[in-house]
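Enquirer: Got a structure for you, written out below as structure tokens; questions coming shortly.
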Amino acid sequence: MEGIDAYAQAARRTTAAGRSGPIALVVLDSPAFQVSELAALSAVASALIALPLGVRIEHQYKRPVMITADLARCVLLASIPVAMAFDRLTFTQLCVVGVLQTAASVAFDAASGAHLKALVLPEHRLRANSLFESTNWISVSAGPPVGGLLIGALGAAATMVVDALSFLGSAVGIRCIRQPESAPPARAATARLGRDIAAGWQYLLRHPGLRPLFFNALLFGGSVMMTSPLMAVLMLDDLGLAPWQYGLALGLPCLGGVLGSRLTPLLTR
């Protein structure tokens with residue numbers, strides 16, 4: 001189920017294309033087709049690797065996976081300002097960073113969801129998930145406006161460095177968790193990757209609660225992914241808005257996610 005969870009989460013969250021798209025426009029002056037291509041590559045990568053990667057992660061210790069994913073995202077994002085410093089940044093590099101960043105994000109989401117279930121007792125999971133979702137939506141709301149302000153004040157390269165360091169801070173925070181991690185479930189000797197993936201899909205599509213949640217995540221995430229590259233081109237290129245204005249336009253609607261995550265426990269009761 002870790003793969004299914006990661007696939008749903010990746011579908012409703014902006015991927016590395018959300019970071020690389022504005023860089024492609026502002027720094028490389030890429031056309032609209034290339035900005036859309038960045039988003040498409042990240043979406044395809046998410047669809048292809050989420051389930052197989054999730055099945056593998058299910059039988060691994062989760063914290064090392066999460067730390068490795070954070071460090072990988074830190075290095076990948078840091079490679080962009082390094083290339084910019086030597087005037088070597090290319091669209092191909094942005095595509096590679098986008099795909100690998102998506103893979104690391106999928107791995108982190110798959111591991112973190114399972115790890116939360118192991119850390120928190122069942123009666124406290126609703127509140128824990130609500131707090132995590134609130135934190136996520138606050139970061140999604142505040143991230144684009146702050147990023148836009150940093151790009152305007154410090155430049156794109158310095159902003160990417162700050163973004164990379166945020167993942168390093170996440171890895172340090174995970175490393176500081178004091179409660180020992182329980183051993184992962186053992187993989188059956190007769191287990192097969194294809195069979196496990198098929199079983200996961202069957203369980204998801206037959207579950208009365210998970211099925212509508214999954215398709216809702218796909219609908220929401222698909223809408224975001226389809227419009228985000230076009231919005232970046234429209235606002236940054238056609239309308240000539242400043243990066244902070246673009247970030248503000250992306251961040252303000254996400255306040256609805258903050259409100260929804262805070263209301264979830266109340267509505268559930």
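We label chains A, B, ... in the order they appear in the structure tokens, count residues from 1 in each chain, and number ligands from 1 in the order shown.
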With region 19-40 of chain A as the partner and 8 Å as the cut-off, tabulate the residues of region 59-102 of chain A that qualify, each row holding the nearest pair of atoms and their distance in Å to one decimal, using only C-alpha atoms, sorted by chain and rising number, as CSV.
Expert:
residue,atom,partner,partner_atom,distance
A:Thr90,CA,A:Leu28,CA,7.5
A:Phe91,CA,A:Ala24,CA,7.0
A:Leu94,CA,A:Ser20,CA,6.2
A:Cys95,CA,A:Leu38,CA,5.9
A:Gly98,CA,A:Ser20,CA,7.0
Enquirer: Taking only C-alpha atoms into account, produce a table as JSON lines in which each residue of region 20-116 of chain A with an atom at most 8 Å from an atom of region 161-178 of chain A appears once, together with its shortest atom pair and the distance in Å to one decimal, ordered by chain and rising number.
Expert:
{"residue": "A:Arg63", "atom": "CA", "partner": "A:Ile174", "partner_atom": "CA", "distance": 6.9}
{"residue": "A:Met66", "atom": "CA", "partner": "A:Ala171", "partner_atom": "CA", "distance": 7.3}
{"residue": "A:Ile67", "atom": "CA", "partner": "A:Ala171", "partner_atom": "CA", "distance": 4.8}
{"residue": "A:Thr68", "atom": "CA", "partner": "A:Ala171", "partner_atom": "CA", "distance": 7.8}
{"residue": "A:Asp70", "atom": "CA", "partner": "A:Phe167", "partner_atom": "CA", "distance": 5.2}
{"residue": "A:Leu71", "atom": "CA", "partner": "A:Leu168", "partner_atom": "CA", "distance": 6.0}
{"residue": "A:Arg73", "atom": "CA", "partner": "A:Phe167", "partner_atom": "CA", "distance": 6.6}
{"residue": "A:Cys74", "atom": "CA", "partner": "A:Ala164", "partner_atom": "CA", "distance": 4.3}
{"residue": "A:Val75", "atom": "CA", "partner": "A:Ala164", "partner_atom": "CA", "distance": 7.0}
{"residue": "A:Leu76", "atom": "CA", "partner": "A:Ala164", "partner_atom": "CA", "distance": 7.9}
{"residue": "A:Leu77", "atom": "CA", "partner": "A:Ala164", "partner_atom": "CA", "distance": 5.3}
{"residue": "A:Ala78", "atom": "CA", "partner": "A:Ala164", "partner_atom": "CA", "distance": 5.7}
{"residue": "A:Pro81", "atom": "CA", "partner": "A:Val161", "partner_atom": "CA", "distance": 6.8}
Enquirer: Sort by chain and increasing residue number a table of all residues of region 232-260 of chain A within 9 Å of region 113-134 of chain A, each with its closest pair of atoms and their distance in Å to one decimal, counting only C-alpha atoms, and write it as CSV.
Expert:
residue,atom,partner,partner_atom,distance
A:Gly257,CA,A:Ser134,CA,7.5
A:Val258,CA,A:Ser134,CA,5.1
A:Leu259,CA,A:Ser134,CA,7.9
A:Gly260,CA,A:Ser134,CA,8.3
Enquirer: Kindly indicate which residue among A:Ala142, A:Leu149, A:Leu266, A:Leu89 lies nearest to Cys254 (chain A), using only C-alpha atoms for the distances.
Expert: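 Of A:Ala142, A:Leu149, A:Leu266, A:Leu89, the one nearest Cys254 (chain A) is A:Ala142, counting only C-alpha atoms.
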Enquirer: Check the smallest atom-to-atom distance from each of A:Met84, A:Leu255, A:Val65, A:Ile138 to Gly155 (chain A) using only C-alpha atoms, then report the winner.
Expert: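 Once distances to Gly155 (chain A) are computed over only C-alpha atoms, the minimum belongs to A:Met84.
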Enquirer: Quick one: residues within 8 Å of Gly148 (chain A), only C-alpha atoms counted, chain neighbours fewer than 2 positions away excluded, as a PDB file with C-alpha atoms, in the first residue's frame?
Expert:
ATOM      1  CA  PRO A 144       5.726  30.196  -3.563  1.00  0.00           C
ATOM      2  CA  PRO A 145       5.345  33.785  -2.250  1.00  0.00           C
ATOM      3  CA  VAL A 146       8.513  33.513  -0.147  1.00  0.00           C
ATOM      4  CA  LEU A 150      13.741  35.613  -2.549  1.00  0.00           C
ATOM      5  CA  ILE A 151      14.156  35.425  -6.321  1.00  0.00           C
ATOM      6  CA  GLY A 152      13.439  39.149  -6.564  1.00  0.00           C
ATOM      7  CA  ALA A 242       7.358  39.658 -11.055  1.00  0.00           C
ATOM      8  CA  PRO A 243       8.351  36.322  -9.465  1.00  0.00           C
ATOM      9  CA  TRP A 244       6.853  37.373  -6.130  1.00  0.00           C
ATOM     10  CA  GLN A 245       3.514  38.079  -7.802  1.00  0.00           C
ATOM     11  CA  TYR A 246       3.581  34.662  -9.463  1.00  0.00           C
ATOM     12  CA  GLY A 247       4.363  33.029  -6.125  1.00  0.00           C
ATOM     13  CA  LEU A 248       1.596  34.914  -4.369  1.00  0.00           C
TER      14      LEU A 248
END
Enquirer: Got a sec: who's within 12 Å of Ala186 (chain A), counting only C-alpha atoms, leaving out chain neighbours fewer than 6 positions off, as a VMD selection string?
Expert: chain A and resid 56 to 61
Enquirer: Please, what distance in Å, to one decimal, runs between CA of Val99 (chain A) and CA of Ala83 (chain A)?
Expert: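 Spanning CA of Val99 (chain A) to CA of Ala83 (chain A) is a straight-line distance of 17.4 Å.
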Enquirer: Give me, please, the distance in Å between CA of Phe108 (chain A) and CA of Ala69 (chain A), quoted to one decimal.
Expert: 5.8 Å
Enquirer: Quick one: DSSP alpha helix (DSSP H) residues in region 43-257 of chain A, as a VMD selection string?
Expert: chain A and resid 43 to 57 62 to 85 91 to 119 125 to 154 156 to 175 193 to 206 210 to 232 243 to 251 255 to 257
Enquirer: Could you check which of A:Ala157, A:Ala111, A:Leu250, A:Ala43 is closest to Met231 (chain A), using only C-alpha atoms?
Expert: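 Of the candidates, the smallest distance to Met231 (chain A) is held by A:Leu250.
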